[in-house]
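Participant: Input: one structure, supplied below.
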Amino acid sequence: SQATLTPALNLSTSDALFTRAKDHIPGGVNSPVRAFRAVGGHPVFMQSAQGAWLTDVDGNRYLDFINSWGPMILGHAPQIVLDAVQGAIGNSLSFGAPTRREVEMAELIKQMVPSIEKVRLVNSGTEATMSAIRVARGYTGRTKILKFEGCYHGHGDSFLIAAGSGALTLGTPDSPGVTPGVAQDTLTVPYNDLAAVEQAIAANDGQIAALILEPVVGNMGLVAPAEGYLQGLRALCIQHGIVLIFDEVMTGFRLARGGAQELYGITPDMTTLGKIIGGGMPVGAYGGRQDIMDNVAPAGKVYQAGTLSGNPIATAAGIAQLTYLQQHPELYDELNRITTRLADGTRQICQELGLNYTVNQVGSMFSVFFTDKLVHNLEDAKTSDTEAFGRYFQGMLHRGIYLAPAQYEALFVSTAITDELVDHYLTACREAMREAHG
Ligand code: PLP
């Protein structure tokens, strides 16, 4: 066989740190997927990053296709963001009082995502989605929410029902610790199936406050909405007085300046944001129609607060990154072109090797599903050969390519990936795919 042997990789410092970490931190990590449980081996501890490249604590370098799970759309350590943060630091790190940048940030978000008439800043995507459904419940006076199998909306109790991402990878899509009382208020149906939504609405007549979804799913691997699906959901929500929430924590400012809602031309009632909005700092946001958002305290009675919300350093980073994106619309075309080369190239390599794998791509997000089934929903995604994926992941890692360490995740491409780096990725991909299939 022509199988190329996996190059050696010295991970001794990472391994030593992981051993220490496991004594003090559950599973050794502060977010489950980082532990590499789904792909075997130990996690790599990172030291620094610049542009497209990560450097670990042993000095190994990797081409990064995670980009902090989305935020680093301009690659690592872009000068404009670093300058903004450095400029802000001298004025103290937090006030717990209003600041000019929060106003500027709100104005910027509204310009880029026009469906948002009022917006509240929080510290994570999880806070954004938790708050959004509370507001939708307060606004409608209804209790239930409808979500989709394999969609991930952070770790709020209401969302850990048929959840995607790490919950799915680790086999806990329904987490212990979520009370039956909470769970019964979350309805779940398969993604890309309008009839299932109609049935769920009919069976819970007048009880559903909100329908929340990833308009393009990143958390069961990358899954695109079928033709007409988002339009259908929009129409059903209007018909039944249900608040339509687009969770654009991943897709916001990524698939277009205005996110998936701009790309597909759909206007949700509310939108949740995170990741790119903070330029790598902890920021989330939720916003939407004014009549809904004016229910948020102190304008209205739905309570939501945060000691560090609108943090001056985080907003400095966020404003710098969002302003750059707003002023450079052409970068989205370039991101799409580069990502199409990555996705098409991967698909072609698989075909050459007799593997009819499914490669899904929307804009600068893509996934290689180790299955010959087309992937439109969670059930399709779960036909993937996760063991072969694990071998492929390790083969890529050892060739200096850092992929998401689980099948059920999307890859995120940054503007730092050049044509030359695409070639570099494809060379490694060909070798690692061959090796993974013996
Ligand atoms: N919503 C979506 C679509 C996400 O992908 C994520 C995280 O990956 C979240 C919400 C939760 O965001 P965070 O991890 O910042 O709490």
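Each chain in the structure tokens gets a letter, A, B, ..., in the order shown, and its residues are numbered from 1; ligands are numbered from 1 in order too.
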Considering only C-alpha atoms, return as a ChimeraX atom specification whatever protein or nucleic-acid residues lie within 12 Å of stretch 377-386 of chain A, sequence-local ones (same chain, fewer than 5 positions apart) excluded.

Facilitator: /A:37-40,148-152,162-165,168-169,171,173,188-193,216-226,355-360,367-372,391-393,405-410,436-437

Participant: Apply DSSP to the structure's backbone, then extract all residues of stretch 58-301 of chain A labelled strand (DSSP E) and return them as a PyMOL selection string.

Facilitator: chain A and resi 61-64+118-122+144-148+186-189+208-213+243-247+270-273+284-288

Participant: Find the spatial neighbours of A:Ser94, counting only C-alpha atoms, within a cut-off of 10 Å - ignore same-chain residues fewer than 5 positions away - and output them as a VMD selection string.

Facilitator: chain A and resid 89 99 307 to 314

Participant: I need the residues from that last selection saved to file as a compact mmCIF listing (two decimals), in the first residue's frame (with C-alpha atoms), if you can.

Facilitator:
# COMPACT_ATOMS: atom_id res chain seq x y z
CA ILE A 89 -6.75 48.35 28.90
CA THR A 99 -19.77 53.15 28.61
CA THR A 307 -21.76 42.19 36.35
CA LEU A 308 -19.35 42.15 33.39
CA SER A 309 -21.88 42.60 30.56
CA GLY A 310 -20.72 45.15 27.99
CA ASN A 311 -17.20 44.87 29.39
CA PRO A 312 -14.98 47.67 28.05
CA ILE A 313 -12.16 45.40 26.86
CA ALA A 314 -14.51 42.88 25.27

Participant: Show me which residues line ligand 1, defined as having an atom within 8 Å of a ligand atom where only C-alpha atoms and all ligand atoms count, and present them as JSON, numbers by chain.

Facilitator: {"A": [69, 123, 124, 125, 126, 127, 128, 129, 151, 152, 153, 154, 155, 165, 213, 214, 217, 218, 219, 247, 248, 249, 250, 251, 272, 273, 274, 275, 282, 283, 284]}

Participant: Please list as a PyMOL selection string every residue within 9 Å of A:Ile145, counting only C-alpha atoms and excluding residues in the same chain fewer than 6 positions away.

Facilitator: chain A and resi 133+137+158+185-188+207-212

Participant: Can I get the selection written as an mmCIF file, in the first residue's frame, with C-alpha atoms?

Facilitator:
data_model
loop_
_atom_site.group_PDB
_atom_site.id
_atom_site.type_symbol
_atom_site.label_atom_id
_atom_site.label_comp_id
_atom_site.auth_asym_id
_atom_site.auth_seq_id
_atom_site.Cartn_x
_atom_site.Cartn_y
_atom_site.Cartn_z
ATOM 1 C CA ILE A 133 -36.190 32.293 25.437
ATOM 2 C CA ARG A 137 -41.836 33.461 27.196
ATOM 3 C CA SER A 158 -33.807 24.039 28.460
ATOM 4 C CA ASP A 185 -41.230 22.421 28.245
ATOM 5 C CA THR A 186 -38.726 21.708 25.465
ATOM 6 C CA LEU A 187 -40.191 20.047 22.391
ATOM 7 C CA THR A 188 -37.811 18.568 19.822
ATOM 8 C CA GLN A 207 -48.486 26.807 24.178
ATOM 9 C CA ILE A 208 -45.292 27.404 22.209
ATOM 10 C CA ALA A 209 -43.511 30.658 23.016
ATOM 11 C CA ALA A 210 -40.521 30.279 20.727
ATOM 12 C CA LEU A 211 -39.034 28.219 17.986
ATOM 13 C CA ILE A 212 -35.233 28.355 18.187
#

Participant: Using only C-alpha atoms, can you tell me which of A:Ala297, A:Leu233, A:Ala183, A:Ala203 comes closest to A:Val135?

Facilitator: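 Comparing A:Ala297, A:Leu233, A:Ala183, A:Ala203 against A:Val135, the winner is A:Ala297.
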